[in-house]
Structure formats: C-alpha cells, structure tokens
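**Q** My file is input-v4.txt. It has compact mmCIF, C-alpha atoms and all ligand atoms:
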# COMPACT_ATOMS: atom_id res chain seq x y z
CA MET A 1 -198.62 -28.72 -12.10
CA ALA A 2 -199.39 -31.68 -9.84
CA LEU A 3 -199.67 -31.97 -6.08
CA ILE A 4 -197.42 -34.83 -5.04
CA VAL A 5 -197.11 -36.37 -1.59
CA GLN A 6 -193.71 -38.01 -1.08
CA LYS A 7 -193.06 -40.28 1.90
CA TYR A 8 -189.50 -41.22 2.87
CA GLY A 9 -188.93 -44.18 5.21
CA GLY A 10 -186.26 -44.48 7.88
CA SER A 11 -183.61 -46.12 5.71
CA SER A 12 -184.01 -43.34 3.12
CA VAL A 13 -183.00 -40.76 5.75
CA ALA A 14 -180.66 -42.95 7.81
CA ASP A 15 -177.94 -40.28 8.06
CA THR A 16 -177.33 -36.69 7.01
CA GLU A 17 -175.80 -37.74 3.66
CA ALA A 18 -178.95 -39.73 2.84
CA MET A 19 -181.01 -36.77 3.96
CA LYS A 20 -179.15 -34.48 1.54
CA ARG A 21 -180.02 -36.87 -1.32
CA VAL A 22 -183.67 -36.86 -0.28
CA ALA A 23 -183.62 -33.06 -0.06
CA GLN A 24 -182.27 -32.90 -3.63
CA ARG A 25 -185.08 -35.16 -4.88
CA ILE A 26 -187.65 -32.92 -3.16
CA VAL A 27 -186.10 -29.79 -4.67
CA ASP A 28 -185.97 -31.39 -8.15
CA THR A 29 -189.70 -32.21 -7.90
CA HIS A 30 -190.47 -28.68 -6.72
CA ASN A 31 -188.32 -27.13 -9.47
CA ALA A 32 -190.11 -29.25 -12.08
CA GLY A 33 -193.17 -27.15 -11.22
CA HIS A 34 -194.95 -29.46 -8.79
CA ARG A 35 -196.33 -28.72 -5.35
CA VAL A 36 -194.76 -31.06 -2.82
CA VAL A 37 -195.87 -32.31 0.59
CA VAL A 38 -193.36 -34.60 2.30
CA VAL A 39 -193.93 -37.14 5.07
CA VAL A 40 -190.80 -38.39 6.78
CA SER A 41 -190.01 -41.25 9.17
CA ALA A 42 -187.49 -41.38 11.98
CA MET A 43 -183.84 -41.74 10.89
CA GLY A 44 -182.59 -45.33 10.60
CA ASP A 45 -183.13 -47.33 13.78
CA THR A 46 -184.15 -44.34 15.92
CA THR A 47 -187.56 -45.77 16.86
CA ASP A 48 -185.99 -49.07 17.97
CA ASP A 49 -183.34 -47.17 19.93
CA LEU A 50 -186.03 -45.14 21.73
CA LEU A 51 -187.88 -48.37 22.58
CA ASP A 52 -184.63 -49.83 23.96
CA SER A 53 -184.04 -46.73 26.12
CA ALA A 54 -187.52 -47.03 27.63
CA ALA A 55 -187.05 -50.78 28.20
CA ALA A 56 -183.79 -50.09 30.06
CA LEU A 57 -185.75 -47.95 32.52
CA THR A 58 -188.98 -49.85 33.05
CA ASP A 59 -190.93 -52.97 32.15
CA ASN A 60 -194.17 -50.98 32.25
CA PRO A 61 -193.73 -47.64 30.47
CA PRO A 62 -196.81 -45.40 30.70
CA GLU A 63 -198.52 -45.49 27.27
CA ARG A 64 -198.92 -41.74 27.07
CA GLU A 65 -195.23 -41.04 27.72
CA MET A 66 -194.24 -43.87 25.36
CA ASP A 67 -196.05 -42.14 22.51
CA ILE A 68 -194.46 -38.78 23.29
CA LEU A 69 -191.08 -40.52 23.30
CA LEU A 70 -191.61 -42.40 20.00
CA SER A 71 -192.98 -39.33 18.22
CA ALA A 72 -189.64 -37.60 18.84
CA GLY A 73 -187.85 -39.63 16.14
CA GLU A 74 -189.99 -38.22 13.34
CA ARG A 75 -189.75 -34.70 14.79
CA ILE A 76 -185.97 -34.84 14.50
CA SER A 77 -186.24 -35.97 10.85
CA MET A 78 -188.75 -33.34 9.80
CA ALA A 79 -186.68 -30.50 11.24
CA LEU A 80 -183.38 -31.70 9.73
CA LEU A 81 -184.96 -32.41 6.34
CA ALA A 82 -186.55 -28.94 6.25
CA MET A 83 -183.10 -27.46 6.96
CA ALA A 84 -181.55 -29.52 4.15
CA VAL A 85 -184.22 -28.39 1.68
CA ASN A 86 -183.90 -24.72 2.73
CA GLU A 87 -180.15 -25.05 2.22
CA LEU A 88 -180.82 -25.95 -1.44
CA GLY A 89 -182.70 -22.69 -1.94
CA VAL A 90 -186.31 -23.87 -1.67
CA GLU A 91 -188.40 -22.72 1.29
CA ALA A 92 -189.52 -25.61 3.48
CA ARG A 93 -191.56 -25.71 6.70
CA ALA A 94 -191.62 -28.60 9.16
CA TYR A 95 -194.81 -29.62 10.98
CA THR A 96 -195.44 -32.18 13.72
CA GLY A 97 -198.50 -34.41 13.32
CA ALA A 98 -200.40 -32.11 15.69
CA GLN A 99 -199.39 -28.98 13.75
CA ALA A 100 -200.43 -30.73 10.53
CA GLY A 101 -203.90 -31.24 12.01
CA ILE A 102 -203.83 -35.04 12.16
CA LYS A 103 -206.54 -35.90 14.72
CA THR A 104 -206.63 -39.40 16.20
CA ASP A 105 -208.49 -41.43 18.81
CA SER A 106 -206.74 -42.00 22.16
CA HIS A 107 -205.48 -45.51 21.46
CA PHE A 108 -201.82 -44.95 22.35
CA GLY A 109 -199.41 -46.99 20.26
CA ALA A 110 -201.98 -47.85 17.57
CA ALA A 111 -204.11 -44.72 17.19
CA GLN A 112 -206.56 -44.40 14.30
CA ILE A 113 -206.86 -41.17 12.35
CA VAL A 114 -210.36 -39.79 12.97
CA GLY A 115 -210.07 -36.37 11.29
CA MET A 116 -207.79 -34.12 9.29
CA VAL A 117 -207.41 -30.33 9.58
CA PRO A 118 -204.19 -29.77 7.64
CA GLU A 119 -204.72 -26.04 7.18
CA ARG A 120 -201.12 -25.08 7.83
CA VAL A 121 -199.88 -27.66 5.34
CA ALA A 122 -202.34 -26.46 2.70
CA ARG A 123 -201.35 -22.84 3.32
CA ALA A 124 -197.64 -23.58 3.08
CA VAL A 125 -198.15 -25.34 -0.25
CA LYS A 126 -200.31 -22.48 -1.53
CA ASP A 127 -197.48 -20.09 -0.60
CA GLY A 128 -195.01 -22.12 -2.69
CA GLN A 129 -193.28 -23.76 0.25
CA VAL A 130 -192.53 -27.44 0.69
CA ALA A 131 -194.42 -28.78 3.73
CA ILE A 132 -192.54 -31.48 5.63
CA VAL A 133 -194.72 -33.45 8.03
CA ALA A 134 -193.58 -35.84 10.77
CA GLY A 135 -195.02 -39.27 10.01
CA PHE A 136 -196.50 -41.82 12.40
CA GLN A 137 -198.17 -39.38 14.80
CA GLY A 138 -201.22 -37.32 15.58
CA ILE A 139 -203.02 -35.61 18.44
CA SER A 140 -206.01 -36.89 20.43
CA LYS A 141 -209.05 -34.88 21.50
CA ASP A 142 -207.36 -34.53 24.92
CA ASP A 143 -204.35 -32.93 23.19
CA ASP A 144 -202.14 -35.94 23.84
CA VAL A 145 -199.55 -36.97 21.28
CA THR A 146 -200.41 -40.38 19.79
CA THR A 147 -198.61 -42.76 17.44
CA LEU A 148 -200.18 -44.83 14.68
CA GLY A 149 -198.39 -48.19 15.12
CA ARG A 150 -195.09 -49.42 13.65
CA GLY A 151 -194.80 -48.46 9.99
CA GLY A 152 -197.50 -45.81 10.44
CA SER A 153 -195.78 -43.05 8.43
CA ASP A 154 -197.21 -44.66 5.29
CA THR A 155 -200.69 -44.01 6.71
CA THR A 156 -199.86 -40.36 7.44
CA ALA A 157 -198.86 -39.94 3.79
CA VAL A 158 -202.05 -41.48 2.40
CA ALA A 159 -204.26 -39.50 4.81
CA LEU A 160 -202.65 -36.24 3.66
CA ALA A 161 -202.85 -37.28 0.00
CA ALA A 162 -206.56 -38.08 0.38
CA PHE A 163 -207.42 -34.90 2.20
CA LEU A 164 -205.39 -32.61 -0.07
CA HIS A 165 -206.66 -34.42 -3.22
CA ALA A 166 -203.07 -35.09 -4.28
CA ASP A 167 -202.48 -36.37 -7.80
CA LEU A 168 -200.05 -39.00 -6.57
CA CYS A 169 -198.67 -40.42 -3.34
CA ARG A 170 -195.15 -41.80 -3.74
CA ILE A 171 -193.77 -44.05 -1.02
CA TYR A 172 -189.95 -43.98 -1.26
CA THR A 173 -188.23 -46.89 0.45
CA ASP A 174 -185.15 -49.15 0.31
CA VAL A 175 -186.53 -51.57 -2.33
CA ASP A 176 -187.67 -50.57 -5.82
CA GLY A 177 -191.26 -51.74 -5.54
CA VAL A 178 -193.63 -54.37 -4.27
CA TYR A 179 -192.65 -58.00 -4.90
CA ASP A 180 -194.60 -61.23 -4.50
CA ARG A 181 -192.31 -62.04 -1.53
CA ASP A 182 -189.76 -60.10 0.50
CA PRO A 183 -186.98 -59.50 -2.08
CA ARG A 184 -184.36 -59.32 0.68
CA LEU A 185 -185.12 -62.87 1.79
CA HIS A 186 -186.02 -64.28 -1.65
CA PRO A 187 -183.66 -63.17 -4.46
CA ASP A 188 -186.01 -64.78 -7.01
CA ALA A 189 -189.00 -62.69 -5.86
CA VAL A 190 -190.97 -61.12 -8.74
CA LYS A 191 -191.74 -57.40 -8.85
CA TYR A 192 -195.26 -56.17 -9.66
CA GLY A 193 -195.58 -53.32 -12.16
CA ARG A 194 -199.04 -52.79 -10.74
CA ILE A 195 -200.95 -54.45 -7.91
CA SER A 196 -204.60 -54.00 -6.86
CA TYR A 197 -205.51 -52.60 -3.43
CA ASP A 198 -207.01 -55.99 -2.48
CA ASP A 199 -203.90 -57.97 -3.39
CA MET A 200 -201.66 -55.39 -1.67
CA LEU A 201 -203.81 -55.62 1.45
CA LEU A 202 -203.36 -59.40 1.49
CA LEU A 203 -199.57 -58.94 1.28
CA ALA A 204 -199.54 -56.22 3.98
CA ARG A 205 -201.74 -58.21 6.35
CA GLY A 206 -199.52 -61.22 5.70
CA GLY A 207 -196.57 -59.26 7.07
CA ALA A 208 -195.06 -57.53 4.00
CA ARG A 209 -194.05 -54.40 5.87
CA VAL A 210 -193.29 -52.49 2.64
CA LEU A 211 -196.69 -50.80 3.21
CA HIS A 212 -198.62 -50.38 6.49
CA ASP A 213 -201.90 -52.29 6.18
CA ARG A 214 -203.97 -49.33 7.38
CA CYS A 215 -202.41 -47.17 4.68
CA VAL A 216 -203.62 -49.62 2.03
CA GLU A 217 -207.14 -49.72 3.53
CA LEU A 218 -207.25 -45.93 3.54
CA ALA A 219 -205.91 -45.66 -0.01
CA ARG A 220 -208.58 -48.10 -1.22
CA ARG A 221 -211.38 -46.24 0.57
CA GLU A 222 -210.23 -42.78 -0.60
CA HIS A 223 -209.06 -43.85 -4.09
CA VAL A 224 -205.48 -42.65 -3.51
CA VAL A 225 -203.11 -44.01 -6.17
CA LEU A 226 -199.82 -45.05 -4.58
CA GLU A 227 -196.45 -45.67 -6.15
CA VAL A 228 -193.85 -47.60 -4.15
CA CYS A 229 -190.36 -46.80 -5.42
CA SER A 230 -186.71 -46.67 -4.42
CA ALA A 231 -185.28 -43.59 -2.71
CA PHE A 232 -181.91 -44.57 -4.18
CA SER A 233 -182.71 -44.74 -7.90
CA ASP A 234 -185.05 -43.31 -10.53
CA ALA A 235 -186.34 -46.73 -11.64
CA PRO A 236 -190.11 -47.01 -12.01
CA GLY A 237 -191.72 -48.57 -8.96
CA THR A 238 -194.99 -50.42 -8.37
CA ILE A 239 -198.35 -48.72 -8.78
CA VAL A 240 -200.87 -49.73 -6.11
CA GLY A 241 -204.44 -49.03 -7.16
P1 LIG A 301 -189.38 -47.88 5.23
O1 LIG A 301 -188.39 -47.64 6.32
O2 LIG A 301 -189.03 -47.20 3.94
O3 LIG A 301 -190.81 -47.64 5.67
P2 LIG A 301 -189.79 -50.73 5.58
O4 LIG A 301 -188.63 -51.44 6.20
O5 LIG A 301 -190.96 -50.44 6.44
O6 LIG A 301 -189.24 -49.42 4.86
O7 LIG A 301 -190.31 -51.57 4.30
C1 LIG A 301 -189.43 -51.92 3.27
C2 LIG A 301 -189.00 -53.37 3.46
O8 LIG A 301 -190.13 -54.23 3.27
C3 LIG A 301 -188.00 -53.86 2.42
O9 LIG A 301 -186.67 -53.60 2.80
C4 LIG A 301 -188.29 -55.36 2.33
O10 LIG A 301 -187.33 -56.12 3.00
C5 LIG A 301 -189.63 -55.52 3.07
N1 LIG A 301 -190.62 -56.31 2.35
C6 LIG A 301 -191.32 -57.34 2.91
N2 LIG A 301 -192.15 -57.87 2.03
C7 LIG A 301 -192.00 -57.19 0.84
C8 LIG A 301 -192.59 -57.30 -0.46
N3 LIG A 301 -193.54 -58.22 -0.72
N4 LIG A 301 -192.19 -56.43 -1.43
C9 LIG A 301 -191.25 -55.49 -1.15
N5 LIG A 301 -190.65 -55.34 0.06
C10 LIG A 301 -191.01 -56.18 1.06
N1 LIG A 302 -190.64 -44.71 12.83
C1 LIG A 302 -191.81 -45.59 12.94
C2 LIG A 302 -191.38 -47.05 12.92
O1 LIG A 302 -190.19 -47.32 12.92
C3 LIG A 302 -192.84 -45.29 11.87
C4 LIG A 302 -192.43 -45.56 10.44
O2 LIG A 302 -191.24 -45.69 10.16
O3 LIG A 302 -193.33 -45.57 9.57
O4 LIG A 302 -192.21 -47.91 12.97
MG MG A 303 -192.24 -48.79 6.64
Go ahead and express the file in the form of structure tokens.
**A**
Amino acid sequence: MALIVQKYGGSSVADTEAMKRVAQRIVDTHNAGHRVVVVVSAMGDTTDDLLDSAAALTDNPPEREMDILLSAGERISMALLAMAVNELGVEARAYTGAQAGIKTDSHFGAAQIVGMVPERVARAVKDGQVAIVAGFQGISKDDDVTTLGRGGSDTTAVALAAFLHADLCRIYTDVDGVYDRDPRLHPDAVKYGRISYDDMLLLARGGARVLHDRCVELARREHVVLEVCSAFSDAPGTIVG
C-alpha cells in the first residue's frame, strides 16, 4: 500500500464532466489499496477570469485582497471534486491551504512555503478518506491567505508529498509528459522517459510551464520523485528525479 499524491491542473478539471473523470481515477487508485492525497487547481481559466474581474475594477488592486480573490478558484475545485469522489462511494474531505497547514511568508502573489502542519490531511488519510487540498495557496503568520505564484499548485503537491513521505507524486496535466520543447508549439518535440532535477529546472526556469520551477527545486531538495503524466490517458509519463 503506497501513499500517492496526485495533482490535477486546471485543464484536467475544466468542467464537471472532466471532474467526474478525475474523481474516477482517484477512486480507482484508492480502490487499488493506496492512500491518496489530491491537490487540485482552479477549473479551466478561472484564475485568469478572476484577474480580469479585478482589472475591470481597479488598476491597483490591494495585494491582500487579490490573494483572497485568486485563492477562491482552487477552493471551488476542491469542494466540487470532493463531492464527485463522495458520489462514487469513497469518503473525501476538502481542505483549503490554511486548513491543510500550509504556512507561508507574507509575500502576496509569490509566497514561499515556510512550514507545513498538515495534521488534518494526515488524519483524514489515516482514517481511510481521500484528502483533497486546494493548490496554490497558504496562510501567513498574520493569518492572511497567500498565493504561491502562477502554476503554484505543483509546489503545493510536492510540499505535501515531502512532508507526508509519499511514495510518489504524480502531476496530471494536459500533455503526456515532459518534452525537450513545448509539444503544443513543436509537433516534433521529443518526450523524456526520465529527466534529472537539474535538467527539469533548466526547462522550468526557461519557461516550460509544465512544472512550476519552485516545485522542482523543492523536489530536488526533499528527494521527491515526480511523474508528469496525462489526466486523459493511462500512458506512462515522464519521471523527474
Ligand atoms: P496544468 O494546468 O495541468 O498545470 P500547465 O498549462 O501549467 O498545465 O502546463 C502544461 C502545459 O505546459 C502543456 O499544455 C504544454 O503546452 C506546456 N509546456 C511548455 N513546455 C513544455 C515541455 N517542455 N514539456 C511539456 N509541456 C510543456
Ligand atoms: N490556478 C493557478 C494558476 O492558474 C495555480 C495553478 O494552476 O497551479 O496559475
Ligand atoms: Mg501548471
């Protein structure tokens, strides 16, 4: 029995039909005898839509309120996904970043994780439930909601995997692995079966948004093995590590 962290990006939960497919994958993993912690991003373009709404109101949104606003996208996803999993007969509990004990500094919009106290997540898993955590967010020492920067749900997943000593952290996305170039722009891009942390970091820092650069730094430091794979197929992905 393994402890697996699964992270689903926005395109993997773009609508309720996609969310049902994700819920089935979670339930299948649970029913195969594994313990599952899920990190989920905001549905589809929700984060961009929230940014547009703020921009329609002001050129200078207060940073604190901006982070509360942006964190809402992932809160919607976590609640809906927990409902979809419960509907399939497996108990699931949704947690915000704050409830999952993800402590950050106060750098709104690009907060760094400074500590983890994921007691409620650990307890849920121990009780046989699936824990579903909102990605991309945490809580500062002043109890303000913070966000981790665009693409930051990947980092939430690796932080939980490291702290919970997960056997594997799977990043489910809309491509079936890491390529030498963006496969959407370059049809001749070549997929890696495995890529080292250092090479992945070069790609991420060079703008390959398939993984958040901080997530790769954290995975390297904490020795978290990542697998990047498609949420839409069962094909083997790319191992990062
Ligand atoms: P998610 O919503 O699942 O977090 P992202 O949009 O953040 O997904 O990342 C996946 C996207 O990263 C792919 O759709 C692809 O276009 C892009 N991408 C850029 N560079 C690469 C690369 N080298 N390998 C794979 N995907 C890449
Ligand atoms: N929803 C956030 C974003 O669009 C975080 C993420 O998807 O990882 O950047
Ligand atoms: Mg992403």
**Q** Which residues are near region 164-174 of chain A? Cut-off 10 Å, all atoms listed in the file, ignore same chain within fewer than 6 positions. Put them as JSON, numbers by chain.
**A** {"A": [1, 2, 3, 4, 5, 6, 7, 8, 9, 10, 11, 12, 13, 22, 35, 36, 37, 38, 39, 40, 116, 118, 119, 121, 122, 153, 154, 157, 158, 210, 211, 219, 222, 223, 224, 225, 226, 227, 228, 229, 230, 231, 232, 233, 237, 238, 239, 240]}
**Q** For the selection you just gave me, I'd like the residues written to a file as a PDB file, in the frame of the given file, keeping C-alpha atoms.
**A**
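Here's the written file selection.pdb:
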ATOM      1  CA  MET A   1    -198.620 -28.720 -12.100  1.00  0.00           C
ATOM      2  CA  ALA A   2    -199.390 -31.680  -9.840  1.00  0.00           C
ATOM      3  CA  LEU A   3    -199.670 -31.970  -6.080  1.00  0.00           C
ATOM      4  CA  ILE A   4    -197.420 -34.830  -5.040  1.00  0.00           C
ATOM      5  CA  VAL A   5    -197.110 -36.370  -1.590  1.00  0.00           C
ATOM      6  CA  GLN A   6    -193.710 -38.010  -1.080  1.00  0.00           C
ATOM      7  CA  LYS A   7    -193.060 -40.280   1.900  1.00  0.00           C
ATOM      8  CA  TYR A   8    -189.500 -41.220   2.870  1.00  0.00           C
ATOM      9  CA  GLY A   9    -188.930 -44.180   5.210  1.00  0.00           C
ATOM     10  CA  GLY A  10    -186.260 -44.480   7.880  1.00  0.00           C
ATOM     11  CA  SER A  11    -183.610 -46.120   5.710  1.00  0.00           C
ATOM     12  CA  SER A  12    -184.010 -43.340   3.120  1.00  0.00           C
ATOM     13  CA  VAL A  13    -183.000 -40.760   5.750  1.00  0.00           C
ATOM     14  CA  VAL A  22    -183.670 -36.860  -0.280  1.00  0.00           C
ATOM     15  CA  ARG A  35    -196.330 -28.720  -5.350  1.00  0.00           C
ATOM     16  CA  VAL A  36    -194.760 -31.060  -2.820  1.00  0.00           C
ATOM     17  CA  VAL A  37    -195.870 -32.310   0.590  1.00  0.00           C
ATOM     18  CA  VAL A  38    -193.360 -34.600   2.300  1.00  0.00           C
ATOM     19  CA  VAL A  39    -193.930 -37.140   5.070  1.00  0.00           C
ATOM     20  CA  VAL A  40    -190.800 -38.390   6.780  1.00  0.00           C
ATOM     21  CA  MET A 116    -207.790 -34.120   9.290  1.00  0.00           C
ATOM     22  CA  PRO A 118    -204.190 -29.770   7.640  1.00  0.00           C
ATOM     23  CA  GLU A 119    -204.720 -26.040   7.180  1.00  0.00           C
ATOM     24  CA  VAL A 121    -199.880 -27.660   5.340  1.00  0.00           C
ATOM     25  CA  ALA A 122    -202.340 -26.460   2.700  1.00  0.00           C
ATOM     26  CA  SER A 153    -195.780 -43.050   8.430  1.00  0.00           C
ATOM     27  CA  ASP A 154    -197.210 -44.660   5.290  1.00  0.00           C
ATOM     28  CA  ALA A 157    -198.860 -39.940   3.790  1.00  0.00           C
ATOM     29  CA  VAL A 158    -202.050 -41.480   2.400  1.00  0.00           C
ATOM     30  CA  VAL A 210    -193.290 -52.490   2.640  1.00  0.00           C
ATOM     31  CA  LEU A 211    -196.690 -50.800   3.210  1.00  0.00           C
ATOM     32  CA  ALA A 219    -205.910 -45.660  -0.010  1.00  0.00           C
ATOM     33  CA  GLU A 222    -210.230 -42.780  -0.600  1.00  0.00           C
ATOM     34  CA  HIS A 223    -209.060 -43.850  -4.090  1.00  0.00           C
ATOM     35  CA  VAL A 224    -205.480 -42.650  -3.510  1.00  0.00           C
ATOM     36  CA  VAL A 225    -203.110 -44.010  -6.170  1.00  0.00           C
ATOM     37  CA  LEU A 226    -199.820 -45.050  -4.580  1.00  0.00           C
ATOM     38  CA  GLU A 227    -196.450 -45.670  -6.150  1.00  0.00           C
ATOM     39  CA  VAL A 228    -193.850 -47.600  -4.150  1.00  0.00           C
ATOM     40  CA  CYS A 229    -190.360 -46.800  -5.420  1.00  0.00           C
ATOM     41  CA  SER A 230    -186.710 -46.670  -4.420  1.00  0.00           C
ATOM     42  CA  ALA A 231    -185.280 -43.590  -2.710  1.00  0.00           C
ATOM     43  CA  PHE A 232    -181.910 -44.570  -4.180  1.00  0.00           C
ATOM     44  CA  SER A 233    -182.710 -44.740  -7.900  1.00  0.00           C
ATOM     45  CA  GLY A 237    -191.720 -48.570  -8.960  1.00  0.00           C
ATOM     46  CA  THR A 238    -194.990 -50.420  -8.370  1.00  0.00           C
ATOM     47  CA  ILE A 239    -198.350 -48.720  -8.780  1.00  0.00           C
ATOM     48  CA  VAL A 240    -200.870 -49.730  -6.110  1.00  0.00           C
TER      49      VAL A 240
END
**Q** Could you list, as number ranges by chain, all residues that come within 9 Å of ligand LIG 302 (chain A)? Count only C-alpha atoms and all ligand atoms.
**A** A: 8-11, 40-48, 70-71, 73-74, 135-137, 147-156, 211-212
**Q** Please, could you write that set of residues out with C-alpha atoms as an mmCIF file, keeping the file's coordinate frame?
**A**
data_model
loop_
_atom_site.group_PDB
_atom_site.id
_atom_site.type_symbol
_atom_site.label_atom_id
_atom_site.label_comp_id
_atom_site.auth_asym_id
_atom_site.auth_seq_id
_atom_site.Cartn_x
_atom_site.Cartn_y
_atom_site.Cartn_z
ATOM 1 C CA TYR A 8 -189.500 -41.220 2.870
ATOM 2 C CA GLY A 9 -188.930 -44.180 5.210
ATOM 3 C CA GLY A 10 -186.260 -44.480 7.880
ATOM 4 C CA SER A 11 -183.610 -46.120 5.710
ATOM 5 C CA VAL A 40 -190.800 -38.390 6.780
ATOM 6 C CA SER A 41 -190.010 -41.250 9.170
ATOM 7 C CA ALA A 42 -187.490 -41.380 11.980
ATOM 8 C CA MET A 43 -183.840 -41.740 10.890
ATOM 9 C CA GLY A 44 -182.590 -45.330 10.600
ATOM 10 C CA ASP A 45 -183.130 -47.330 13.780
ATOM 11 C CA THR A 46 -184.150 -44.340 15.920
ATOM 12 C CA THR A 47 -187.560 -45.770 16.860
ATOM 13 C CA ASP A 48 -185.990 -49.070 17.970
ATOM 14 C CA LEU A 70 -191.610 -42.400 20.000
ATOM 15 C CA SER A 71 -192.980 -39.330 18.220
ATOM 16 C CA GLY A 73 -187.850 -39.630 16.140
ATOM 17 C CA GLU A 74 -189.990 -38.220 13.340
ATOM 18 C CA GLY A 135 -195.020 -39.270 10.010
ATOM 19 C CA PHE A 136 -196.500 -41.820 12.400
ATOM 20 C CA GLN A 137 -198.170 -39.380 14.800
ATOM 21 C CA THR A 147 -198.610 -42.760 17.440
ATOM 22 C CA LEU A 148 -200.180 -44.830 14.680
ATOM 23 C CA GLY A 149 -198.390 -48.190 15.120
ATOM 24 C CA ARG A 150 -195.090 -49.420 13.650
ATOM 25 C CA GLY A 151 -194.800 -48.460 9.990
ATOM 26 C CA GLY A 152 -197.500 -45.810 10.440
ATOM 27 C CA SER A 153 -195.780 -43.050 8.430
ATOM 28 C CA ASP A 154 -197.210 -44.660 5.290
ATOM 29 C CA THR A 155 -200.690 -44.010 6.710
ATOM 30 C CA THR A 156 -199.860 -40.360 7.440
ATOM 31 C CA LEU A 211 -196.690 -50.800 3.210
ATOM 32 C CA HIS A 212 -198.620 -50.380 6.490
#
**Q** Would you mind reading off the distance between CA of Asp15 (chain A) and CA of Val130 (chain A), one decimal, in Å?
**A** 20.8 Å
**Q** One number please: CA of Ile139 (chain A) to CA of Lys103 (chain A), in Å, one decimal.
**A**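 A separation of 5.1 Å between them.
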**Q** Grab all the atoms of region 92-96 of chain A that the file lists, wrap them in a box along x, y and z, add 3 Å per side, and give me centre plus edge lengths in Å (one decimal) as AutoDock Vina command-line options.
**A**
--center_x -192.5 --center_y -28.9 --center_z 8.6 --size_x 11.9 --size_y 12.6 --size_z 16.2
**Q** For ligand MG 303 (chain A), which residue out of A:Ala124, A:Ala98, A:Cys215, A:Leu57 is the nearest one, using only C-alpha atoms and all ligand atoms?
**A**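 Of the candidates, the smallest distance to ligand MG 303 (chain A) is held by A:Cys215.
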